[in-house]
>>> print(open('my_file.tsv').read())   # TSV, C-alpha atoms
chain	number	residue	atom	x	y	z
A	18	MET	CA	-3.21	4.90	0.11
A	19	THR	CA	-3.82	8.45	1.32
A	20	VAL	CA	-4.29	11.14	-1.30
A	21	THR	CA	-3.71	14.85	-0.79
A	22	GLY	CA	-5.44	17.11	-3.27
A	23	GLY	CA	-8.11	14.90	-4.85
A	24	LYS	CA	-8.47	11.41	-6.29
A	25	PRO	CA	-5.40	9.23	-6.79
A	26	GLY	CA	-3.79	9.43	-10.20
A	27	ARG	CA	-3.39	6.39	-12.39
A	28	ALA	CA	0.37	6.45	-11.99
A	29	ALA	CA	0.05	6.56	-8.19
A	30	LEU	CA	-2.24	3.53	-8.21
A	31	HIS	CA	0.31	1.72	-10.38
A	32	LEU	CA	3.08	2.58	-7.90
A	33	ALA	CA	0.97	1.57	-4.90
A	34	ARG	CA	0.21	-1.83	-6.43
A	35	ALA	CA	3.90	-2.39	-7.12
A	36	ALA	CA	4.92	-1.28	-3.62
A	37	SER	CA	2.38	-3.56	-1.95
A	38	LEU	CA	4.00	-6.59	-3.61
A	39	ALA	CA	7.21	-6.11	-1.62
A	40	PRO	CA	8.22	-8.71	0.99
A	41	SER	CA	7.69	-7.87	4.66
A	42	PRO	CA	8.06	-9.68	8.01
A	43	HIS	CA	5.41	-12.41	8.00
A	44	ASN	CA	3.49	-10.40	5.39
A	45	SER	CA	2.73	-7.69	7.96
A	46	GLN	CA	3.04	-4.95	5.29
A	47	PRO	CA	4.12	-2.24	7.77
A	48	TRP	CA	3.73	0.72	5.43
A	49	PHE	CA	1.30	3.21	4.00
A	50	PHE	CA	1.56	5.43	0.92
A	51	VAL	CA	0.63	9.02	0.20
A	52	GLU	CA	0.15	10.66	-3.18
A	53	GLU	CA	0.74	14.40	-3.30
A	54	GLY	CA	-2.02	14.96	-5.85
A	55	HIS	CA	-2.04	14.71	-9.64
A	56	ASP	CA	0.87	12.22	-9.63
A	57	ARG	CA	3.32	14.91	-8.49
A	58	ALA	CA	5.02	12.68	-5.92
A	59	PHE	CA	4.58	9.39	-4.12
A	60	GLU	CA	5.47	8.98	-0.44
A	61	VAL	CA	6.48	5.85	1.49
A	62	HIS	CA	5.75	5.88	5.22
A	63	ALA	CA	6.40	3.26	7.88
A	64	ASP	CA	3.22	2.18	9.69
A	65	ALA	CA	4.31	1.50	13.27
A	66	GLY	CA	0.85	0.15	14.03
A	67	ARG	CA	1.55	-2.85	11.77
A	68	ARG	CA	4.99	-3.54	13.21
A	69	MET	CA	5.33	-6.82	15.11
A	70	PRO	CA	6.58	-5.48	18.47
A	71	LEU	CA	7.93	-8.75	19.88
A	72	THR	CA	9.46	-10.09	16.69
A	73	ASP	CA	10.78	-6.68	15.60
A	74	PRO	CA	11.16	-4.60	18.78
A	75	GLY	CA	13.50	-2.02	17.26
A	76	GLY	CA	11.58	-1.63	13.99
A	77	ARG	CA	14.60	-2.66	11.91
A	78	GLU	CA	12.69	-5.24	9.86
A	79	MET	CA	9.84	-2.76	9.40
A	80	VAL	CA	12.23	-0.26	7.80
A	81	ILE	CA	13.85	-2.96	5.63
A	82	ALA	CA	10.38	-3.94	4.39
A	83	CYS	CA	9.62	-0.31	3.56
A	84	GLY	CA	12.95	-0.20	1.71
A	85	ALA	CA	11.78	-3.14	-0.39
A	86	ALA	CA	8.53	-1.28	-1.10
A	87	LEU	CA	10.57	1.77	-2.12
A	88	PHE	CA	12.64	-0.38	-4.48
A	89	ASN	CA	9.41	-1.61	-6.10
A	90	VAL	CA	8.24	1.99	-6.50
A	91	ARG	CA	11.49	2.95	-8.19
A	92	THR	CA	11.18	-0.10	-10.45
A	93	ALA	CA	7.61	0.84	-11.36
A	94	VAL	CA	8.59	4.45	-12.14
A	95	ARG	CA	11.26	3.19	-14.57
A	96	ASN	CA	8.69	0.86	-16.09
A	97	LEU	CA	6.53	3.93	-16.81
A	98	GLY	CA	9.44	5.46	-18.72
A	99	PHE	CA	10.76	7.97	-16.18
A	100	ARG	CA	13.81	8.15	-13.95
A	101	PRO	CA	12.84	8.05	-10.26
A	102	VAL	CA	13.99	10.95	-8.10
A	103	VAL	CA	14.19	9.78	-4.48
A	104	ASP	CA	14.39	12.03	-1.44
A	105	VAL	CA	15.19	9.87	1.61
A	106	LEU	CA	13.90	11.06	5.01
A	107	PRO	CA	12.60	14.33	3.54
A	108	GLU	CA	11.33	15.52	6.93
A	109	PRO	CA	13.91	14.52	9.58
A	110	ALA	CA	11.48	15.30	12.41
A	111	ASP	CA	9.18	12.55	11.09
A	112	GLN	CA	11.22	9.36	11.19
A	113	HIS	CA	8.34	7.34	9.77
A	114	PHE	CA	8.28	9.44	6.58
A	115	LEU	CA	10.94	7.39	4.84
A	116	ALA	CA	11.00	8.61	1.25
A	117	ARG	CA	9.39	10.77	-1.39
A	118	VAL	CA	9.60	9.60	-5.01
A	119	SER	CA	8.93	11.91	-7.93
A	120	PHE	CA	9.17	11.59	-11.69
A	121	GLY	CA	12.42	12.73	-13.26
A	122	ALA	CA	13.44	12.91	-16.89
A	123	HIS	CA	11.75	10.68	-19.43
A	124	ALA	CA	13.90	7.73	-20.46
A	125	THR	CA	12.87	4.50	-22.14
A	126	PRO	CA	13.65	1.59	-19.79
A	127	THR	CA	16.24	-0.93	-20.89
A	128	ASP	CA	15.60	-4.67	-21.02
A	129	ASP	CA	17.52	-5.07	-17.74
A	130	GLU	CA	15.28	-2.47	-16.11
A	131	GLU	CA	12.06	-3.97	-17.46
A	132	SER	CA	12.95	-7.46	-16.21
A	133	PRO	CA	12.51	-6.63	-12.47
A	134	ALA	CA	9.18	-4.94	-13.24
A	135	ARG	CA	7.90	-8.13	-14.85
A	136	ALA	CA	9.11	-10.14	-11.85
A	137	LEU	CA	7.31	-8.08	-9.19
A	138	SER	CA	4.04	-9.97	-9.44
A	139	LEU	CA	5.83	-13.34	-9.46
A	140	ARG	CA	7.45	-12.93	-6.02
A	141	HIS	CA	5.92	-15.13	-3.32
A	142	THR	CA	6.73	-16.54	0.10
A	143	HIS	CA	8.46	-19.91	0.17
A	144	ARG	CA	9.30	-21.54	3.52
A	145	GLY	CA	10.56	-24.88	2.24
A	146	PRO	CA	13.94	-26.04	0.91
A	147	PHE	CA	15.10	-25.14	-2.57
A	148	GLY	CA	16.05	-27.61	-5.26
A	149	PRO	CA	19.42	-29.35	-5.41
A	150	GLU	CA	20.64	-27.47	-8.47
A	151	PRO	CA	23.58	-25.23	-7.54
A	152	VAL	CA	23.41	-21.51	-8.19
A	153	THR	CA	25.65	-20.72	-11.14
A	154	GLU	CA	28.68	-18.46	-10.82
A	155	ALA	CA	27.24	-16.26	-13.55
A	156	LEU	CA	24.08	-15.68	-11.52
A	157	LEU	CA	26.08	-15.03	-8.34
A	158	ALA	CA	28.14	-12.44	-10.19
A	159	GLN	CA	24.97	-10.78	-11.44
A	160	LEU	CA	23.49	-10.73	-7.93
A	161	ARG	CA	26.68	-9.19	-6.55
A	162	ASP	CA	26.50	-6.48	-9.21
A	163	ARG	CA	22.85	-5.75	-8.41
A	164	ALA	CA	23.63	-5.54	-4.69
A	165	ARG	CA	26.58	-3.23	-5.34
A	166	ALA	CA	24.37	-0.95	-7.43
A	167	GLU	CA	22.14	-0.54	-4.36
A	168	GLY	CA	25.08	0.29	-2.10
A	169	ALA	CA	25.15	-3.15	-0.50
A	170	VAL	CA	27.46	-6.16	-0.48
A	171	LEU	CA	26.26	-9.69	-1.19
A	172	GLN	CA	28.21	-12.14	0.95
A	173	VAL	CA	28.02	-15.69	-0.36
A	174	LEU	CA	28.56	-18.51	2.14
A	175	ASP	CA	30.02	-21.35	0.12
A	176	VAL	CA	32.29	-22.92	2.76
A	177	PRO	CA	30.60	-25.90	4.49
A	178	GLU	CA	32.02	-24.95	7.90
A	179	LYS	CA	30.54	-21.44	7.68
A	180	VAL	CA	27.21	-22.78	6.48
A	181	GLY	CA	27.15	-25.21	9.38
A	182	LEU	CA	27.94	-22.44	11.87
A	183	LEU	CA	25.15	-20.29	10.45
A	184	ALA	CA	22.71	-23.22	10.69
A	185	ARG	CA	23.59	-23.75	14.36
A	186	LEU	CA	23.15	-20.06	15.15
A	187	VAL	CA	19.77	-19.95	13.41
A	188	ASP	CA	18.68	-23.12	15.24
A	189	THR	CA	19.70	-21.66	18.62
A	190	ALA	CA	17.85	-18.42	17.94
A	191	GLU	CA	14.74	-20.20	16.70
A	192	ARG	CA	14.59	-22.47	19.78
A	193	ALA	CA	14.91	-19.41	22.02
A	194	ASP	CA	12.06	-17.72	20.16
A	195	ARG	CA	9.82	-20.75	20.59
A	196	THR	CA	10.18	-20.65	24.37
A	197	ASP	CA	8.70	-17.12	24.38
A	198	LEU	CA	4.96	-17.73	24.61
A	199	TRP	CA	3.84	-14.24	23.60
A	200	ARG	CA	6.19	-14.16	20.63
A	201	ALA	CA	4.81	-17.52	19.52
A	202	VAL	CA	1.28	-16.11	19.79
A	203	GLU	CA	2.30	-13.05	17.75
A	204	LEU	CA	3.72	-15.26	15.00
A	205	ALA	CA	0.67	-17.54	15.02
A	206	HIS	CA	-1.52	-14.54	14.23
A	207	ARG	CA	0.58	-13.92	11.11
A	208	VAL	CA	-0.22	-17.26	9.46
A	209	GLY	CA	-3.24	-17.56	7.22
A	210	PRO	CA	-5.31	-15.16	5.11
A	211	THR	CA	-3.79	-12.01	6.65
A	212	GLY	CA	-0.22	-13.29	6.91
A	213	VAL	CA	1.98	-16.00	5.47
A	214	PRO	CA	-0.14	-18.45	3.43
A	215	VAL	CA	-0.26	-21.92	4.96
A	216	GLY	CA	0.62	-23.33	1.53
A	217	ALA	CA	4.00	-21.59	1.69
A	218	CYS	CA	5.08	-23.83	4.59
A	219	ARG	CA	5.82	-26.96	2.60
A	220	ALA	CA	8.12	-28.72	5.03
A	221	HIS	CA	8.41	-29.18	8.77
A	222	PRO	CA	10.48	-26.23	10.04
A	223	ASP	CA	13.03	-28.51	11.68
A	224	LEU	CA	13.65	-30.58	8.56
A	225	THR	CA	15.43	-27.83	6.65
A	226	LEU	CA	19.09	-26.87	6.95
A	227	LEU	CA	18.21	-23.47	8.39
A	228	ALA	CA	15.51	-23.90	11.02
A	229	ALA	CA	12.36	-22.14	9.82
A	230	ARG	CA	9.48	-20.48	11.58
A	231	ASP	CA	7.03	-23.04	12.96
>>> encode(input="my_file.tsv", output="C-alpha coordinates")
Amino acid sequence: MTVTGGKPGRAALHLARAASLAPSPHNSQPWFFVEEGHDRAFEVHADAGRRMPLTDPGGREMVIACGAALFNVRTAVRNLGFRPVVDVLPEPADQHFLARVSFGAHATPTDDEESPARALSLRHTHRGPFGPEPVTEALLAQLRDRARAEGAVLQVLDVPEKVGLLARLVDTAERADRTDLWRAVELAHRVGPTGVPVGACRAHPDLTLLAARD
(Lines of atoms letter the chains of each structure in order from A and count residues from 1; the text may use other names and numbers.)
(Lines give C-alpha, C1' and ligand atoms only; values in the text may rest on other atoms or scores of the structure.)
Protein backbone atom coordinates (compact mmCIF):
# COMPACT_ATOMS: atom_id res chain seq x y z
CA MET A 1 0.00 0.00 0.00
CA THR A 2 1.34 3.42 -0.97
CA VAL A 3 0.93 6.25 1.52
CA THR A 4 0.92 9.94 0.70
CA GLY A 5 1.68 12.24 3.59
CA GLY A 6 3.29 9.98 6.19
CA LYS A 7 2.74 6.57 7.77
CA PRO A 8 -0.43 4.62 7.04
CA GLY A 9 -3.27 5.14 9.49
CA ARG A 10 -4.77 2.27 11.42
CA ALA A 11 -8.03 2.54 9.52
CA ALA A 12 -6.19 2.39 6.18
CA LEU A 13 -4.37 -0.77 7.23
CA HIS A 14 -7.71 -2.28 8.23
CA LEU A 15 -9.16 -1.40 4.81
CA ALA A 16 -6.12 -2.73 2.97
CA ARG A 17 -6.32 -6.06 4.79
CA ALA A 18 -10.01 -6.35 3.93
CA ALA A 19 -9.43 -5.40 0.28
CA SER A 20 -6.63 -7.94 -0.13
CA LEU A 21 -9.02 -10.75 0.82
CA ALA A 22 -11.11 -10.20 -2.32
CA PRO A 23 -11.19 -12.89 -5.03
CA SER A 24 -9.15 -12.33 -8.18
CA PRO A 25 -8.28 -14.32 -11.33
CA HIS A 26 -6.10 -17.20 -10.15
CA ASN A 27 -5.24 -15.15 -7.05
CA SER A 28 -3.28 -12.67 -9.18
CA GLN A 29 -4.41 -9.75 -6.96
CA PRO A 30 -4.17 -7.13 -9.75
CA TRP A 31 -4.52 -4.06 -7.55
CA PHE A 32 -2.67 -1.65 -5.33
CA PHE A 33 -3.98 0.78 -2.72
CA VAL A 34 -3.12 4.34 -1.80
CA GLU A 35 -3.91 6.16 1.44
CA GLU A 36 -4.19 9.93 1.18
CA GLY A 37 -2.66 10.48 4.61
CA HIS A 38 -4.19 10.47 8.09
CA ASP A 39 -7.05 8.17 6.97
CA ARG A 40 -8.59 10.93 4.84
CA ALA A 41 -9.29 8.65 1.88
CA PHE A 42 -8.44 5.23 0.52
CA GLU A 43 -7.79 4.64 -3.18
CA VAL A 44 -8.19 1.47 -5.26
CA HIS A 45 -6.01 1.22 -8.36
CA ALA A 46 -5.75 -1.53 -10.96
CA ASP A 47 -2.21 -2.92 -11.28
CA ALA A 48 -1.81 -3.75 -14.97
CA GLY A 49 1.54 -5.36 -14.20
CA ARG A 50 -0.27 -8.16 -12.34
CA ARG A 51 -2.88 -8.72 -15.03
CA MET A 52 -2.69 -12.09 -16.79
CA PRO A 53 -2.36 -10.89 -20.41
CA LEU A 54 -3.28 -14.16 -22.14
CA THR A 55 -6.08 -15.19 -19.81
CA ASP A 56 -7.44 -11.65 -19.46
CA PRO A 57 -6.33 -9.75 -22.59
CA GLY A 58 -8.86 -6.94 -22.25
CA GLY A 59 -8.40 -6.46 -18.50
CA ARG A 60 -12.07 -7.17 -17.80
CA GLU A 61 -11.38 -9.72 -15.06
CA MET A 62 -8.77 -7.40 -13.56
CA VAL A 63 -11.38 -4.66 -13.16
CA ILE A 64 -13.95 -7.11 -11.75
CA ALA A 65 -11.38 -8.23 -9.16
CA CYS A 66 -10.73 -4.60 -8.22
CA GLY A 67 -14.50 -4.17 -7.90
CA ALA A 68 -14.52 -7.03 -5.41
CA ALA A 69 -11.70 -5.34 -3.49
CA LEU A 70 -13.71 -2.11 -3.49
CA PHE A 71 -16.73 -3.97 -2.12
CA ASN A 72 -14.55 -5.29 0.72
CA VAL A 73 -13.35 -1.76 1.44
CA ARG A 74 -16.92 -0.49 1.63
CA THR A 75 -17.79 -3.40 3.92
CA ALA A 76 -14.83 -2.63 6.17
CA VAL A 77 -15.74 1.07 6.36
CA ARG A 78 -19.26 0.15 7.54
CA ASN A 79 -17.73 -2.24 10.05
CA LEU A 80 -15.79 0.72 11.48
CA GLY A 81 -19.09 2.55 11.99
CA PHE A 82 -19.06 4.97 9.05
CA ARG A 83 -20.92 5.20 5.76
CA PRO A 84 -18.55 4.81 2.80
CA VAL A 85 -18.49 7.62 0.26
CA VAL A 86 -17.31 6.25 -3.08
CA ASP A 87 -16.07 8.30 -6.01
CA VAL A 88 -15.74 6.01 -9.05
CA LEU A 89 -13.09 6.90 -11.66
CA PRO A 90 -12.23 10.17 -9.90
CA GLU A 91 -9.60 11.06 -12.51
CA PRO A 92 -10.97 10.06 -15.95
CA ALA A 93 -7.54 10.49 -17.56
CA ASP A 94 -6.21 7.70 -15.33
CA GLN A 95 -8.29 4.64 -16.15
CA HIS A 96 -6.41 2.54 -13.61
CA PHE A 97 -7.47 4.84 -10.74
CA LEU A 98 -10.77 3.06 -10.18
CA ALA A 99 -12.17 4.51 -6.97
CA ARG A 100 -11.60 6.73 -3.97
CA VAL A 101 -13.35 5.81 -0.72
CA SER A 102 -13.73 8.26 2.14
CA PHE A 103 -15.49 8.20 5.48
CA GLY A 104 -18.99 9.63 5.56
CA ALA A 105 -21.37 10.11 8.44
CA HIS A 106 -21.06 7.95 11.53
CA ALA A 107 -23.67 5.21 11.68
CA THR A 108 -23.68 2.03 13.74
CA PRO A 109 -23.69 -0.97 11.37
CA THR A 110 -26.70 -3.25 11.40
CA ASP A 111 -26.47 -7.00 11.90
CA ASP A 112 -26.94 -7.49 8.14
CA GLU A 113 -24.01 -5.14 7.49
CA GLU A 114 -21.75 -6.75 10.08
CA SER A 115 -22.35 -10.25 8.69
CA PRO A 116 -20.37 -9.69 5.44
CA ALA A 117 -17.50 -8.17 7.44
CA ARG A 118 -17.26 -11.33 9.53
CA ALA A 119 -17.31 -13.45 6.37
CA LEU A 120 -14.42 -11.67 4.60
CA SER A 121 -11.70 -13.74 6.23
CA LEU A 122 -13.62 -16.99 5.63
CA ARG A 123 -13.67 -16.70 1.82
CA HIS A 124 -11.37 -19.15 0.06
CA THR A 125 -10.84 -20.73 -3.35
CA HIS A 126 -12.67 -23.98 -4.01
CA ARG A 127 -12.22 -25.77 -7.36
CA GLY A 128 -14.16 -28.93 -6.59
CA PRO A 129 -17.87 -29.79 -6.72
CA PHE A 130 -20.26 -28.60 -4.06
CA GLY A 131 -22.42 -30.83 -1.90
CA PRO A 132 -25.69 -32.34 -3.09
CA GLU A 133 -27.88 -30.19 -0.85
CA PRO A 134 -30.00 -27.84 -2.97
CA VAL A 135 -29.80 -24.10 -2.43
CA THR A 136 -32.97 -22.99 -0.68
CA GLU A 137 -35.41 -20.57 -2.29
CA ALA A 138 -35.02 -18.29 0.72
CA LEU A 139 -31.27 -18.05 0.14
CA LEU A 140 -31.76 -17.48 -3.60
CA ALA A 141 -34.16 -14.65 -2.83
CA GLN A 142 -31.64 -13.11 -0.46
CA LEU A 143 -28.87 -13.39 -3.06
CA ARG A 144 -31.10 -11.73 -5.67
CA ASP A 145 -31.78 -8.88 -3.26
CA ARG A 146 -28.07 -8.43 -2.52
CA ALA A 147 -27.25 -8.41 -6.24
CA ARG A 148 -30.01 -5.88 -6.93
CA ALA A 149 -28.65 -3.62 -4.19
CA GLU A 150 -25.35 -3.55 -6.10
CA GLY A 151 -27.05 -2.68 -9.38
CA ALA A 152 -26.75 -6.21 -10.77
CA VAL A 153 -29.09 -9.05 -11.62
CA LEU A 154 -28.58 -12.60 -10.38
CA GLN A 155 -29.70 -15.05 -13.05
CA VAL A 156 -30.35 -18.52 -11.65
CA LEU A 157 -30.06 -21.46 -14.06
CA ASP A 158 -32.45 -24.06 -12.72
CA VAL A 159 -33.58 -25.65 -16.01
CA PRO A 160 -31.58 -28.84 -16.79
CA GLU A 161 -31.41 -28.02 -20.51
CA LYS A 162 -29.87 -24.60 -19.83
CA VAL A 163 -27.43 -26.07 -17.33
CA GLY A 164 -26.41 -28.68 -19.87
CA LEU A 165 -25.89 -26.03 -22.55
CA LEU A 166 -23.74 -23.97 -20.19
CA ALA A 167 -21.67 -27.05 -19.32
CA ARG A 168 -21.02 -27.76 -23.01
CA LEU A 169 -20.01 -24.16 -23.67
CA VAL A 170 -17.62 -24.16 -20.71
CA ASP A 171 -16.15 -27.50 -21.83
CA THR A 172 -15.59 -26.20 -25.37
CA ALA A 173 -13.90 -23.04 -24.10
CA GLU A 174 -11.73 -24.94 -21.65
CA ARG A 175 -10.53 -27.39 -24.32
CA ALA A 176 -9.67 -24.47 -26.60
CA ASP A 177 -7.68 -22.85 -23.79
CA ARG A 178 -5.71 -26.04 -23.17
CA THR A 179 -4.50 -26.16 -26.77
CA ASP A 180 -2.86 -22.74 -26.29
CA LEU A 181 0.59 -23.59 -24.95
CA TRP A 182 1.49 -20.12 -23.69
CA ARG A 183 -1.85 -19.70 -21.94
CA ALA A 184 -1.32 -23.06 -20.25
CA VAL A 185 2.12 -21.89 -19.10
CA GLU A 186 0.63 -18.65 -17.76
CA LEU A 187 -1.97 -20.59 -15.76
CA ALA A 188 0.63 -23.06 -14.46
CA HIS A 189 2.55 -20.15 -12.94
CA ARG A 190 -0.57 -19.20 -10.97
CA VAL A 191 -0.79 -22.48 -9.03
CA GLY A 192 1.03 -22.82 -5.75
CA PRO A 193 2.26 -20.43 -3.05
CA THR A 194 1.76 -17.30 -5.18
CA GLY A 195 -1.48 -18.36 -6.83
CA VAL A 196 -4.30 -20.83 -6.32
CA PRO A 197 -3.39 -23.28 -3.53
CA VAL A 198 -2.96 -26.83 -4.75
CA GLY A 199 -5.26 -27.96 -1.94
CA ALA A 200 -8.13 -26.03 -3.52
CA CYS A 201 -8.13 -28.38 -6.53
CA ARG A 202 -9.86 -31.32 -4.92
CA ALA A 203 -11.13 -33.09 -8.02
CA HIS A 204 -9.92 -33.76 -11.54
CA PRO A 205 -11.04 -30.78 -13.64
CA ASP A 206 -12.89 -33.00 -16.09
CA LEU A 207 -14.89 -34.82 -13.43
CA THR A 208 -17.06 -31.85 -12.51
CA LEU A 209 -20.19 -30.68 -14.30
CA LEU A 210 -18.52 -27.45 -15.38
CA ALA A 211 -15.03 -28.20 -16.66
CA ALA A 212 -12.50 -26.58 -14.34
CA ARG A 213 -9.03 -25.21 -14.81
CA ASP A 214 -6.46 -28.01 -14.99
>>> atom_distance(input="my_file.tsv", atom1="atom CA of A:Arg135", atom2="atom CA of A:Ala93")
9.6 Å
>>> closest_residue(input="my_file.tsv", among="A:Asp104, A:Glu78, A:Glu154, A:Glu130", to="A:Pro42", atoms="all atoms listed in the file")
A:Glu78
>>> closest_atom_pairs(input="my_file.tsv", of="stretch 77-119 of chain A", to="stretch 44-58 of chain A", cutoff="8 Å", atoms="only C-alpha atoms", output="tab-separated table")
residue	atom	partner	partner_atom	distance
A:Met79	CA	A:Pro47	CA	6.0
A:Ala82	CA	A:Pro47	CA	7.3
A:Cys83	CA	A:Trp48	CA	6.3
A:Arg117	CA	A:Ala58	CA	6.6
A:Val118	CA	A:Ala58	CA	5.6
A:Ser119	CA	A:Ala58	CA	4.5
>>> write_last_selection(input="my_file.tsv", atoms="C-alpha atoms", output="PDB file, in the frame of the given file")
ATOM      1  CA  MET A  79       9.840  -2.760   9.400  1.00  0.00           C
ATOM      2  CA  ALA A  82      10.380  -3.940   4.390  1.00  0.00           C
ATOM      3  CA  CYS A  83       9.620  -0.310   3.560  1.00  0.00           C
ATOM      4  CA  ARG A 117       9.390  10.770  -1.390  1.00  0.00           C
ATOM      5  CA  VAL A 118       9.600   9.600  -5.010  1.00  0.00           C
ATOM      6  CA  SER A 119       8.930  11.910  -7.930  1.00  0.00           C
TER       7      SER A 119
END
>>> closest_residue(input="my_file.tsv", among="A:Arg95, A:Arg219, A:Arg185, A:Arg195", to="A:His31", atoms="all atoms listed in the file")
A:Arg95
>>> atom_distance(input="my_file.tsv", atom1="atom CA of A:Ala85", atom2="atom CA of A:His123")
23.5 Å
>>> build_atoms(input="my_file.tsv", residues="stretch 176-188 of chain A", atoms="N, CA, C and O atoms", output="PDB file, keeping the file's coordinate frame")
ATOM      1  N   VAL A 176      31.402 -22.036   2.017  1.00  0.00           N
ATOM      2  CA  VAL A 176      32.290 -22.920   2.760  1.00  0.00           C
ATOM      3  C   VAL A 176      31.438 -23.740   3.730  1.00  0.00           C
ATOM      4  O   VAL A 176      30.709 -23.162   4.552  1.00  0.00           O
ATOM      5  N   PRO A 177      31.476 -25.065   3.647  1.00  0.00           N
ATOM      6  CA  PRO A 177      30.600 -25.900   4.490  1.00  0.00           C
ATOM      7  C   PRO A 177      30.685 -25.566   5.972  1.00  0.00           C
ATOM      8  O   PRO A 177      29.660 -25.566   6.670  1.00  0.00           O
ATOM      9  N   GLU A 178      31.882 -25.260   6.466  1.00  0.00           N
ATOM     10  CA  GLU A 178      32.020 -24.950   7.900  1.00  0.00           C
ATOM     11  C   GLU A 178      31.230 -23.691   8.266  1.00  0.00           C
ATOM     12  O   GLU A 178      30.583 -23.629   9.327  1.00  0.00           O
ATOM     13  N   LYS A 179      31.271 -22.676   7.391  1.00  0.00           N
ATOM     14  CA  LYS A 179      30.540 -21.440   7.680  1.00  0.00           C
ATOM     15  C   LYS A 179      29.033 -21.656   7.574  1.00  0.00           C
ATOM     16  O   LYS A 179      28.258 -21.097   8.358  1.00  0.00           O
ATOM     17  N   VAL A 180      28.633 -22.470   6.616  1.00  0.00           N
ATOM     18  CA  VAL A 180      27.210 -22.780   6.480  1.00  0.00           C
ATOM     19  C   VAL A 180      26.717 -23.526   7.713  1.00  0.00           C
ATOM     20  O   VAL A 180      25.640 -23.240   8.253  1.00  0.00           O
ATOM     21  N   GLY A 181      27.527 -24.463   8.189  1.00  0.00           N
ATOM     22  CA  GLY A 181      27.150 -25.210   9.380  1.00  0.00           C
ATOM     23  C   GLY A 181      27.048 -24.314  10.603  1.00  0.00           C
ATOM     24  O   GLY A 181      26.135 -24.468  11.430  1.00  0.00           O
ATOM     25  N   LEU A 182      27.988 -23.374  10.746  1.00  0.00           N
ATOM     26  CA  LEU A 182      27.940 -22.440  11.870  1.00  0.00           C
ATOM     27  C   LEU A 182      26.679 -21.592  11.800  1.00  0.00           C
ATOM     28  O   LEU A 182      25.993 -21.381  12.812  1.00  0.00           O
ATOM     29  N   LEU A 183      26.354 -21.093  10.606  1.00  0.00           N
ATOM     30  CA  LEU A 183      25.150 -20.290  10.450  1.00  0.00           C
ATOM     31  C   LEU A 183      23.909 -21.101  10.818  1.00  0.00           C
ATOM     32  O   LEU A 183      23.009 -20.607  11.501  1.00  0.00           O
ATOM     33  N   ALA A 184      23.860 -22.358  10.388  1.00  0.00           N
ATOM     34  CA  ALA A 184      22.710 -23.220  10.690  1.00  0.00           C
ATOM     35  C   ALA A 184      22.557 -23.401  12.199  1.00  0.00           C
ATOM     36  O   ALA A 184      21.440 -23.369  12.730  1.00  0.00           O
ATOM     37  N   ARG A 185      23.668 -23.572  12.902  1.00  0.00           N
ATOM     38  CA  ARG A 185      23.590 -23.750  14.360  1.00  0.00           C
ATOM     39  C   ARG A 185      23.116 -22.472  15.047  1.00  0.00           C
ATOM     40  O   ARG A 185      22.332 -22.516  16.005  1.00  0.00           O
ATOM     41  N   LEU A 186      23.581 -21.320  14.562  1.00  0.00           N
ATOM     42  CA  LEU A 186      23.150 -20.060  15.150  1.00  0.00           C
ATOM     43  C   LEU A 186      21.661 -19.822  14.923  1.00  0.00           C
ATOM     44  O   LEU A 186      20.945 -19.396  15.836  1.00  0.00           O
ATOM     45  N   VAL A 187      21.195 -20.116  13.715  1.00  0.00           N
ATOM     46  CA  VAL A 187      19.770 -19.950  13.410  1.00  0.00           C
ATOM     47  C   VAL A 187      18.943 -20.897  14.275  1.00  0.00           C
ATOM     48  O   VAL A 187      17.889 -20.522  14.818  1.00  0.00           O
ATOM     49  N   ASP A 188      19.411 -22.134  14.433  1.00  0.00           N
ATOM     50  CA  ASP A 188      18.680 -23.120  15.240  1.00  0.00           C
ATOM     51  C   ASP A 188      18.594 -22.658  16.699  1.00  0.00           C
ATOM     52  O   ASP A 188      17.542 -22.755  17.341  1.00  0.00           O
TER      53      ASP A 188
END
